[in-house]
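Okay, work29.txt is below, compact mmCIF, C-alpha atoms:
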```
# COMPACT_ATOMS: atom_id res chain seq x y z
CA MET Y 1 -11.84 27.03 5.89
CA SER Y 2 -10.32 30.52 5.83
CA ARG Y 3 -12.12 33.74 4.94
CA ALA Y 4 -10.58 36.96 3.61
CA PRO Y 5 -11.82 40.13 5.39
CA GLY Y 6 -14.19 42.67 3.87
CA ARG Y 7 -17.12 42.69 1.46
CA GLY Y 8 -17.10 40.33 -1.47
CA THR Y 9 -14.88 37.98 0.45
CA THR Y 10 -13.35 34.90 -1.11
CA VAL Y 11 -13.83 31.61 0.70
CA VAL Y 12 -10.93 29.20 0.48
CA TYR Y 13 -11.41 25.58 1.52
CA ASP Y 14 -8.54 23.35 2.49
CA ASP Y 15 -8.04 20.55 -0.05
CA ALA Y 16 -10.53 22.23 -2.39
CA VAL Y 17 -10.75 20.98 -5.98
CA THR Y 18 -9.14 23.52 -8.29
CA PRO Y 19 -9.66 24.12 -12.03
CA ALA Y 20 -6.21 22.58 -12.55
CA ASP Y 21 -7.39 19.44 -10.74
CA LEU Y 22 -10.42 19.18 -13.01
CA GLU Y 23 -8.27 19.56 -16.11
CA GLU Y 24 -5.90 16.85 -14.91
CA TRP Y 25 -8.78 14.47 -14.12
CA GLU Y 26 -10.37 15.10 -17.51
CA SER Y 27 -7.02 14.45 -19.21
CA ASP Y 28 -6.62 11.17 -17.31
CA LEU Y 29 -10.18 10.19 -18.19
CA GLN Y 30 -9.54 10.83 -21.87
CA VAL Y 31 -6.47 8.56 -21.68
CA LEU Y 32 -8.66 5.83 -20.21
CA PHE Y 33 -11.32 6.33 -22.89
CA ALA Y 34 -8.65 6.01 -25.56
CA ARG Y 35 -7.69 2.62 -24.13
CA ILE Y 36 -11.22 1.23 -24.05
CA ARG Y 37 -12.49 2.57 -27.39
CA PRO Y 38 -10.98 -0.29 -29.47
CA LEU Y 39 -13.21 -2.73 -27.54
CA PHE Y 40 -16.30 -1.19 -29.15
CA TYR Y 41 -16.94 -1.61 -32.87
CA ARG Y 42 -19.39 1.19 -33.66
CA THR Y 43 -18.91 4.93 -33.23
CA GLU Y 44 -22.21 5.10 -31.33
CA SER Y 45 -21.05 2.38 -28.94
CA LYS Y 46 -17.82 4.23 -28.20
CA GLN Y 47 -19.86 7.34 -27.41
CA HIS Y 48 -22.35 5.47 -25.24
CA ALA Y 49 -19.52 3.79 -23.31
CA GLU Y 50 -18.11 7.21 -22.43
CA GLN Y 51 -21.55 8.56 -21.52
CA TYR Y 52 -22.22 5.59 -19.26
CA LEU Y 53 -18.85 5.80 -17.50
CA ARG Y 54 -19.26 9.53 -16.93
CA GLY Y 55 -22.68 8.85 -15.44
CA LEU Y 56 -21.32 6.16 -13.12
CA THR Y 57 -18.56 8.46 -11.87
CA SER Y 58 -20.87 11.48 -11.51
CA GLY Y 59 -22.46 12.81 -8.35
CA LEU Y 60 -25.91 11.49 -9.25
CA LYS Y 61 -27.74 10.26 -6.15
CA ARG Y 62 -29.51 7.54 -8.12
CA LYS Y 63 -27.78 5.92 -11.06
CA ASN Y 64 -30.04 4.07 -13.47
CA GLY Y 65 -30.85 4.14 -17.18
CA TRP Y 66 -33.00 7.25 -16.95
CA THR Y 67 -30.78 9.35 -14.68
CA ILE Y 68 -27.56 8.53 -16.55
CA ALA Y 69 -29.23 9.20 -19.92
CA GLU Y 70 -30.47 12.57 -18.69
CA TYR Y 71 -27.02 13.37 -17.29
CA ALA Y 72 -25.52 12.55 -20.70
CA GLY Y 73 -28.00 14.85 -22.46
CA GLU Y 74 -30.14 12.09 -23.96
CA THR Y 75 -33.94 12.55 -24.10
CA GLU Y 76 -34.59 8.89 -23.20
CA PRO Y 77 -32.56 5.87 -22.03
CA LYS Y 78 -33.18 3.55 -25.01
CA ALA Y 79 -29.82 4.16 -26.67
CA LEU Y 80 -27.84 3.45 -23.50
CA GLN Y 81 -30.03 0.42 -22.74
CA ARG Y 82 -29.38 -1.01 -26.20
CA PHE Y 83 -25.67 -0.40 -25.69
CA LEU Y 84 -25.68 -2.36 -22.40
CA ASN Y 85 -27.96 -5.17 -23.56
CA GLN Y 86 -27.23 -5.68 -27.24
CA SER Y 87 -24.04 -3.95 -28.35
CA PRO Y 88 -21.26 -6.48 -29.12
CA TRP Y 89 -18.29 -5.98 -26.82
CA ASP Y 90 -16.10 -8.30 -24.79
CA ALA Y 91 -16.72 -7.88 -21.05
CA ASP Y 92 -13.75 -10.10 -20.17
CA ALA Y 93 -11.42 -8.02 -22.36
CA LEU Y 94 -12.67 -4.89 -20.62
CA LEU Y 95 -12.06 -6.55 -17.25
CA GLU Y 96 -8.47 -7.36 -18.21
CA LEU Y 97 -7.94 -3.78 -19.37
CA ASN Y 98 -9.34 -2.47 -16.09
CA ARG Y 99 -7.08 -4.79 -14.11
CA SER Y 100 -3.97 -3.79 -16.04
CA TYR Y 101 -4.86 -0.10 -15.68
CA ALA Y 102 -5.27 -0.54 -11.92
CA VAL Y 103 -1.95 -2.38 -11.64
CA GLU Y 104 -0.15 0.44 -13.44
CA HIS Y 105 -1.35 2.95 -10.86
CA LEU Y 106 -1.90 0.97 -7.65
CA ALA Y 107 0.34 -2.12 -7.76
CA ASP Y 108 1.97 -2.86 -4.41
CA PRO Y 109 3.27 -6.15 -2.95
CA GLY Y 110 1.54 -5.22 0.31
CA ALA Y 111 -1.88 -4.94 -1.31
CA VAL Y 112 -4.82 -7.11 -0.21
CA LEU Y 113 -7.29 -9.05 -2.34
CA VAL Y 114 -10.80 -8.88 -0.85
CA ALA Y 115 -13.45 -11.41 -1.90
CA ASP Y 116 -17.10 -10.77 -1.17
CA PRO Y 117 -20.47 -12.09 -2.43
CA THR Y 118 -23.14 -9.50 -3.17
CA GLY Y 119 -26.87 -10.13 -3.66
CA PHE Y 120 -29.20 -8.35 -6.07
CA ALA Y 121 -32.92 -8.56 -5.37
CA LYS Y 122 -35.04 -9.69 -8.34
CA LYS Y 123 -38.79 -10.02 -8.77
CA GLY Y 124 -38.94 -12.50 -11.65
CA LYS Y 125 -37.36 -15.85 -12.56
CA LYS Y 126 -35.70 -15.09 -15.91
CA SER Y 127 -32.51 -13.38 -14.71
CA VAL Y 128 -29.52 -15.72 -14.90
CA GLY Y 129 -28.86 -17.44 -11.56
CA VAL Y 130 -31.92 -16.04 -9.81
CA GLN Y 131 -33.65 -18.10 -7.13
CA ARG Y 132 -34.72 -17.83 -3.51
CA GLN Y 133 -31.45 -17.92 -1.56
CA TYR Y 134 -29.79 -16.24 1.38
CA SER Y 135 -28.10 -12.92 0.67
CA GLY Y 136 -25.94 -11.21 3.25
CA THR Y 137 -26.41 -7.98 1.33
CA LEU Y 138 -30.19 -8.19 1.75
CA GLY Y 139 -29.92 -9.80 5.20
CA ARG Y 140 -32.50 -12.49 4.43
CA VAL Y 141 -33.57 -15.30 2.13
CA ASP Y 142 -35.11 -13.69 -0.92
CA ASN Y 143 -35.47 -14.02 -4.67
CA CYS Y 144 -32.13 -12.72 -5.90
CA GLN Y 145 -28.95 -13.15 -7.90
CA ILE Y 146 -25.59 -13.45 -6.15
CA ALA Y 147 -22.25 -12.47 -7.62
CA THR Y 148 -18.79 -12.99 -6.17
CA PHE Y 149 -16.48 -9.99 -6.48
CA LEU Y 150 -12.73 -9.62 -6.03
CA ALA Y 151 -11.30 -6.22 -5.10
CA TYR Y 152 -7.70 -5.00 -4.99
CA VAL Y 153 -6.94 -2.75 -2.01
CA SER Y 154 -3.61 -0.92 -1.85
CA PRO Y 155 -1.84 -0.04 1.42
CA GLY Y 156 -3.05 3.52 0.81
CA ARG Y 157 -6.64 2.17 0.81
CA GLU Y 158 -7.29 2.78 -2.88
CA ARG Y 159 -9.78 0.17 -4.01
CA VAL Y 160 -10.67 -1.25 -7.41
CA LEU Y 161 -12.63 -4.31 -8.58
CA VAL Y 162 -10.41 -6.69 -10.55
CA ASP Y 163 -12.71 -9.67 -11.18
CA ARG Y 164 -16.26 -10.99 -10.78
CA ARG Y 165 -18.27 -14.18 -11.19
CA LEU Y 166 -22.04 -14.64 -11.30
CA TYR Y 167 -23.02 -17.49 -8.98
CA LEU Y 168 -25.08 -20.11 -10.84
CA PRO Y 169 -26.97 -22.39 -8.39
CA LYS Y 170 -27.30 -26.14 -9.00
CA THR Y 171 -30.98 -25.66 -9.84
CA TRP Y 172 -29.75 -23.80 -12.89
CA THR Y 173 -26.84 -25.99 -14.00
CA ALA Y 174 -29.12 -29.05 -13.66
CA ASP Y 175 -31.58 -27.49 -16.13
CA PRO Y 176 -29.82 -27.07 -19.51
CA ASP Y 177 -33.00 -25.89 -21.25
CA ARG Y 178 -33.43 -23.05 -18.76
CA CYS Y 179 -29.76 -22.12 -19.14
CA ALA Y 180 -30.04 -22.12 -22.94
CA GLN Y 181 -33.11 -19.87 -22.85
CA ALA Y 182 -31.24 -17.42 -20.60
CA GLY Y 183 -28.14 -17.40 -22.83
CA VAL Y 184 -25.85 -19.31 -20.45
CA PRO Y 185 -23.02 -20.98 -22.44
CA PRO Y 186 -23.47 -24.79 -22.51
CA ASP Y 187 -19.99 -25.43 -21.05
CA VAL Y 188 -20.68 -23.52 -17.80
CA GLU Y 189 -20.63 -25.89 -14.81
CA PHE Y 190 -21.62 -25.44 -11.19
CA GLN Y 191 -19.07 -23.78 -8.94
CA THR Y 192 -19.32 -22.91 -5.28
CA ARG Y 193 -18.50 -19.31 -4.40
CA PRO Y 194 -15.20 -20.32 -2.72
CA GLU Y 195 -14.27 -22.13 -5.95
CA GLN Y 196 -15.04 -18.96 -7.85
CA VAL Y 197 -12.72 -17.01 -5.55
CA ARG Y 198 -9.91 -19.53 -6.08
CA ASP Y 199 -10.28 -19.17 -9.85
CA MET Y 200 -10.24 -15.37 -9.63
CA ALA Y 201 -7.20 -15.36 -7.35
CA ALA Y 202 -5.42 -17.70 -9.77
CA ALA Y 203 -6.22 -15.31 -12.64
CA VAL Y 204 -4.80 -12.39 -10.66
CA LEU Y 205 -1.61 -14.34 -9.99
CA ALA Y 206 -1.34 -15.34 -13.66
CA ALA Y 207 -1.67 -11.67 -14.63
CA GLY Y 208 1.30 -10.80 -12.41
CA VAL Y 209 -0.68 -8.62 -10.02
CA PRO Y 210 1.33 -8.22 -6.76
CA PHE Y 211 -0.42 -8.66 -3.42
CA GLY Y 212 0.42 -9.92 0.06
CA TRP Y 213 -2.88 -11.23 1.40
CA LEU Y 214 -6.31 -12.50 0.42
CA THR Y 215 -9.23 -11.98 2.78
CA ALA Y 216 -12.94 -12.82 2.71
CA ASP Y 217 -15.92 -13.17 5.03
CA GLU Y 218 -16.88 -16.17 7.18
CA GLU Y 219 -18.55 -18.06 4.33
CA PHE Y 220 -15.13 -18.60 2.76
CA GLY Y 221 -13.35 -19.23 6.04
CA GLN Y 222 -15.60 -22.24 6.70
CA THR Y 223 -14.51 -23.91 3.48
CA PRO Y 224 -12.00 -26.70 4.23
CA ASN Y 225 -10.20 -26.62 0.85
```
Starting from the coordinates I provided, produce the structure as structure tokens.
Amino acid sequence: MSRAPGRGTTVVYDDAVTPADLEEWESDLQVLFARIRPLFYRTESKQHAEQYLRGLTSGLKRKNGWTIAEYAGETEPKALQRFLNQSPWDADALLELNRSYAVEHLADPGAVLVADPTGFAKKGKKSVGVQRQYSGTLGRVDNCQIATFLAYVSPGRERVLVDRRLYLPKTWTADPDRCAQAGVPPDVEFQTRPEQVRDMAAAVLAAGVPFGWLTADEEFGQTPN
């Protein structure tokens, strides 16, 4: 930090964000919004998608339905909740768009794919895939969901998620009625988390995403195949 002498001094911070930076970021964000808008059918859904993304990328300490709705200027979170839970849009198409966008800006043959399972604590038994199981995220056996994520890390340490799979335990796949009630497609079969990672890595390769290595934690290293 440097300070100019005298009263009414101006404080200048090294690497400070300038108005020009903000304009450039907003311009880039508008380009991204333009790419994702066709995935949403209704004008309200397009608006809510932008509101939600702005909330996720904001400086909010806690990011949930209420805080993001308030940040977006909504009086209550119902509209954003309906958008997330009921609005028709293709999550896989959005994932592919995100992956292609990341490749345009971060692609490097020396990049690393990082696979990692993450647990989400749950109180009830209706959430898809929930059961008492060990979660490294929680550090214990608890009632939770577990998802397997795949991140793309460039040599410059930029990071972006490029794929995900919700882990569905055998207790779920062996109970078709429970799966049907929860909205799980009837053709979904049991997969171990290492199998999920192999499928995601294959999808990345098929999409032409360049990388040099794939790494994961010890759970995957203990898998023989």
> What's the 8 Å shell around Y:Glu76, counting only C-alpha atoms, without same-chain residues fewer than 5 positions away, as a ChimeraX atom specification?
Replying inline: /Y:66,69-70
> So, counting all atoms listed in the file, which residue among Y:Tyr134, Y:Trp89, Y:Phe83, Y:Phe211 is closest to Y:Leu106?
Replying inline: Y:Phe211
> If you measure from atom CA of Y:Val31 to atom CA of Y:Lys46, what distance in Å do you get, rounded to one decimal?
Replying inline: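 So the answer is 13.8 Å.
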> Can you tell me how far atom CA of Y:Cys144 sits from atom CA of Y:Gly124, in Å to one decimal?
Replying inline: 8.9 Å
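Every protein or nucleic acid residue with an atom no more than 7 Å from Y:Val160, counting all atoms listed in the file and leaving out same-chain residues fewer than 6 positions away, appears here: Ala151, Tyr152 and Val153 of chain Y.
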Name all residues at most 8 Å from Y:Asp108 (count all atoms listed in the file; drop same-chain ones fewer than 4 positions away) and give them as a PDB file with C-alpha atoms, in the coordinates of the input.
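Below you can see part_36.pdb, which holds the result:
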```pdb
ATOM      1  CA  SER Y 154      -3.610  -0.920  -1.850  1.00  0.00           C
ATOM      2  CA  PRO Y 155      -1.840  -0.040   1.420  1.00  0.00           C
ATOM      3  CA  PRO Y 210       1.330  -8.220  -6.760  1.00  0.00           C
ATOM      4  CA  PHE Y 211      -0.420  -8.660  -3.420  1.00  0.00           C
TER       5      PHE Y 211
END
```
>> Quick one: residues within 12 Å of Y:Val184, all atoms listed in the file, excluding same-chain residues fewer than 4 positions away - as a list of chain:residue names?
In response: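 Here the qualifying residues turn out to be Y:Lys126, Y:Ser127, Y:Val128, Y:Gly129, Y:Leu166, Y:Tyr167, Y:Leu168, Y:Trp172, Y:Thr173, Y:Asp175, Y:Pro176, Y:Asp177, Y:Arg178, Y:Cys179, Y:Ala180, Y:Val188, Y:Glu189, Y:Phe190.
Note that the spacing between atom CA of Y:Gly136 and atom CA of Y:Ala121 amounts to 11.4 Å.
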> Using all atoms listed in the file, what residues lie at most 12 Å away from (-17.0, -14.7, 7.4) (file coordinates), given as a list in words?
Replying inline: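 Those within range, by chain then number, are Val114, Ala115, Asp116, Pro117, Gly136, Pro194, Thr215, Ala216, Asp217, Glu218, Glu219, Phe220, Gly221, Gln222 and Thr223 of chain Y.
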Axis-aligned box for stretch 154-161 of chain Y, 5 Å per side, centre and edges in Å as AutoDock Vina command-line options:
```
--center_x -7.2 --center_y -0.4 --center_z -3.6 --size_x 20.8 --size_y 17.8 --size_z 20.0
```
> Of the candidates Y:Ala93, Y:Leu32, Y:His48, Y:Ala201, which shows the shortest atom-to-atom distance to Y:Gly73, using all atoms listed in the file?
Replying inline: Y:His48
> Contacts of Y:Ala49 at 9 Å or less, counting only C-alpha atoms, minus same-chain residues fewer than 5 places along, as a list in words?
Replying inline: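 These residues fall inside the cut-off: Phe33, Ile36, Arg37, Phe40, Glu44, Arg54, Leu80, Phe83 and Leu84 of chain Y.
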> Mind listing as a list in words all residues within 12 Å of (-6.6, -6.5, -17.5), counting only C-alpha atoms?
Replying inline: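 These residues have at least one counted atom within 12 Å: Arg35, Ile36, Ala91, Asp92, Ala93, Leu94, Leu95, Glu96, Leu97, Asn98, Arg99, Ser100, Tyr101, Ala102, Val103, Glu104, Leu161, Val162, Asp163, Ala203, Val204, Leu205, Ala206, Ala207, Gly208 and Val209 of chain Y.
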Output the selection as a PDB file, keeping the file's coordinate frame - C-alpha atoms for each residue.
```pdb
ATOM      1  CA  ARG Y  35      -7.690   2.620 -24.130  1.00  0.00           C
ATOM      2  CA  ILE Y  36     -11.220   1.230 -24.050  1.00  0.00           C
ATOM      3  CA  ALA Y  91     -16.720  -7.880 -21.050  1.00  0.00           C
ATOM      4  CA  ASP Y  92     -13.750 -10.100 -20.170  1.00  0.00           C
ATOM      5  CA  ALA Y  93     -11.420  -8.020 -22.360  1.00  0.00           C
ATOM      6  CA  LEU Y  94     -12.670  -4.890 -20.620  1.00  0.00           C
ATOM      7  CA  LEU Y  95     -12.060  -6.550 -17.250  1.00  0.00           C
ATOM      8  CA  GLU Y  96      -8.470  -7.360 -18.210  1.00  0.00           C
ATOM      9  CA  LEU Y  97      -7.940  -3.780 -19.370  1.00  0.00           C
ATOM     10  CA  ASN Y  98      -9.340  -2.470 -16.090  1.00  0.00           C
ATOM     11  CA  ARG Y  99      -7.080  -4.790 -14.110  1.00  0.00           C
ATOM     12  CA  SER Y 100      -3.970  -3.790 -16.040  1.00  0.00           C
ATOM     13  CA  TYR Y 101      -4.860  -0.100 -15.680  1.00  0.00           C
ATOM     14  CA  ALA Y 102      -5.270  -0.540 -11.920  1.00  0.00           C
ATOM     15  CA  VAL Y 103      -1.950  -2.380 -11.640  1.00  0.00           C
ATOM     16  CA  GLU Y 104      -0.150   0.440 -13.440  1.00  0.00           C
ATOM     17  CA  LEU Y 161     -12.630  -4.310  -8.580  1.00  0.00           C
ATOM     18  CA  VAL Y 162     -10.410  -6.690 -10.550  1.00  0.00           C
ATOM     19  CA  ASP Y 163     -12.710  -9.670 -11.180  1.00  0.00           C
ATOM     20  CA  ALA Y 203      -6.220 -15.310 -12.640  1.00  0.00           C
ATOM     21  CA  VAL Y 204      -4.800 -12.390 -10.660  1.00  0.00           C
ATOM     22  CA  LEU Y 205      -1.610 -14.340  -9.990  1.00  0.00           C
ATOM     23  CA  ALA Y 206      -1.340 -15.340 -13.660  1.00  0.00           C
ATOM     24  CA  ALA Y 207      -1.670 -11.670 -14.630  1.00  0.00           C
ATOM     25  CA  GLY Y 208       1.300 -10.800 -12.410  1.00  0.00           C
ATOM     26  CA  VAL Y 209      -0.680  -8.620 -10.020  1.00  0.00           C
TER      27      VAL Y 209
END
```
Have stretch 203-225 of chain Y completed to N, CA and C atoms, please, and pass it along as a PDB file, in the frame of the given file.
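Generated file (out36.pdb):
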```
ATOM      1  N   ALA Y 203      -6.318 -16.203 -11.485  1.00  0.00           N
ATOM      2  CA  ALA Y 203      -6.220 -15.310 -12.640  1.00  0.00           C
ATOM      3  C   ALA Y 203      -5.406 -14.070 -12.308  1.00  0.00           C
ATOM      4  N   VAL Y 204      -5.572 -13.550 -11.095  1.00  0.00           N
ATOM      5  CA  VAL Y 204      -4.800 -12.390 -10.660  1.00  0.00           C
ATOM      6  C   VAL Y 204      -3.313 -12.734 -10.597  1.00  0.00           C
ATOM      7  N   LEU Y 205      -3.008 -13.902 -10.051  1.00  0.00           N
ATOM      8  CA  LEU Y 205      -1.610 -14.340  -9.990  1.00  0.00           C
ATOM      9  C   LEU Y 205      -1.032 -14.508 -11.387  1.00  0.00           C
ATOM     10  N   ALA Y 206      -1.808 -15.124 -12.293  1.00  0.00           N
ATOM     11  CA  ALA Y 206      -1.340 -15.340 -13.660  1.00  0.00           C
ATOM     12  C   ALA Y 206      -1.083 -14.022 -14.382  1.00  0.00           C
ATOM     13  N   ALA Y 207      -1.837 -12.987 -14.006  1.00  0.00           N
ATOM     14  CA  ALA Y 207      -1.670 -11.670 -14.630  1.00  0.00           C
ATOM     15  C   ALA Y 207      -0.509 -10.892 -14.022  1.00  0.00           C
ATOM     16  N   GLY Y 208       0.152 -11.454 -13.019  1.00  0.00           N
ATOM     17  CA  GLY Y 208       1.300 -10.800 -12.410  1.00  0.00           C
ATOM     18  C   GLY Y 208       0.953  -9.650 -11.483  1.00  0.00           C
ATOM     19  N   VAL Y 209      -0.257  -9.679 -10.931  1.00  0.00           N
ATOM     20  CA  VAL Y 209      -0.680  -8.620 -10.020  1.00  0.00           C
ATOM     21  C   VAL Y 209      -0.086  -8.886  -8.635  1.00  0.00           C
ATOM     22  N   PRO Y 210       0.713  -7.965  -8.069  1.00  0.00           N
ATOM     23  CA  PRO Y 210       1.330  -8.220  -6.760  1.00  0.00           C
ATOM     24  C   PRO Y 210       0.355  -7.977  -5.610  1.00  0.00           C
ATOM     25  N   PHE Y 211       0.376  -8.867  -4.631  1.00  0.00           N
ATOM     26  CA  PHE Y 211      -0.420  -8.660  -3.420  1.00  0.00           C
ATOM     27  C   PHE Y 211       0.175  -9.533  -2.311  1.00  0.00           C
ATOM     28  N   GLY Y 212      -0.140  -9.191  -1.076  1.00  0.00           N
ATOM     29  CA  GLY Y 212       0.420  -9.920   0.060  1.00  0.00           C
ATOM     30  C   GLY Y 212      -0.577 -10.836   0.736  1.00  0.00           C
ATOM     31  N   TRP Y 213      -1.878 -10.482   0.665  1.00  0.00           N
ATOM     32  CA  TRP Y 213      -2.880 -11.230   1.400  1.00  0.00           C
ATOM     33  C   TRP Y 213      -4.162 -11.346   0.581  1.00  0.00           C
ATOM     34  N   LEU Y 214      -4.947 -12.374   0.927  1.00  0.00           N
ATOM     35  CA  LEU Y 214      -6.310 -12.500   0.420  1.00  0.00           C
ATOM     36  C   LEU Y 214      -7.230 -12.662   1.620  1.00  0.00           C
ATOM     37  N   THR Y 215      -8.293 -11.888   1.671  1.00  0.00           N
ATOM     38  CA  THR Y 215      -9.230 -11.980   2.780  1.00  0.00           C
ATOM     39  C   THR Y 215     -10.654 -12.071   2.262  1.00  0.00           C
ATOM     40  N   ALA Y 216     -11.532 -12.656   3.091  1.00  0.00           N
ATOM     41  CA  ALA Y 216     -12.940 -12.820   2.710  1.00  0.00           C
ATOM     42  C   ALA Y 216     -13.742 -12.978   3.988  1.00  0.00           C
ATOM     43  N   ASP Y 217     -15.085 -13.065   3.842  1.00  0.00           N
ATOM     44  CA  ASP Y 217     -15.920 -13.170   5.030  1.00  0.00           C
ATOM     45  C   ASP Y 217     -16.018 -14.622   5.504  1.00  0.00           C
ATOM     46  N   GLU Y 218     -16.850 -14.867   6.511  1.00  0.00           N
ATOM     47  CA  GLU Y 218     -16.880 -16.170   7.180  1.00  0.00           C
ATOM     48  C   GLU Y 218     -17.324 -17.303   6.278  1.00  0.00           C
ATOM     49  N   GLU Y 219     -18.111 -17.007   5.254  1.00  0.00           N
ATOM     50  CA  GLU Y 219     -18.550 -18.060   4.330  1.00  0.00           C
ATOM     51  C   GLU Y 219     -17.346 -18.772   3.715  1.00  0.00           C
ATOM     52  N   PHE Y 220     -16.301 -18.017   3.382  1.00  0.00           N
ATOM     53  CA  PHE Y 220     -15.130 -18.600   2.760  1.00  0.00           C
ATOM     54  C   PHE Y 220     -14.193 -19.220   3.780  1.00  0.00           C
ATOM     55  N   GLY Y 221     -14.202 -18.676   4.988  1.00  0.00           N
ATOM     56  CA  GLY Y 221     -13.350 -19.230   6.040  1.00  0.00           C
ATOM     57  C   GLY Y 221     -13.812 -20.596   6.513  1.00  0.00           C
ATOM     58  N   GLN Y 222     -15.074 -20.933   6.291  1.00  0.00           N
ATOM     59  CA  GLN Y 222     -15.600 -22.240   6.700  1.00  0.00           C
ATOM     60  C   GLN Y 222     -15.398 -23.310   5.649  1.00  0.00           C
ATOM     61  N   THR Y 223     -14.765 -22.941   4.532  1.00  0.00           N
ATOM     62  CA  THR Y 223     -14.510 -23.910   3.480  1.00  0.00           C
ATOM     63  C   THR Y 223     -13.192 -24.639   3.749  1.00  0.00           C
ATOM     64  N   PRO Y 224     -13.201 -25.985   3.834  1.00  0.00           N
ATOM     65  CA  PRO Y 224     -12.000 -26.700   4.230  1.00  0.00           C
ATOM     66  C   PRO Y 224     -10.884 -26.676   3.185  1.00  0.00           C
ATOM     67  N   ASN Y 225     -11.232 -26.544   1.883  1.00  0.00           N
ATOM     68  CA  ASN Y 225     -10.200 -26.620   0.850  1.00  0.00           C
ATOM     69  C   ASN Y 225      -9.987 -25.276   0.190  1.00  0.00           C
TER      70      ASN Y 225
END
```
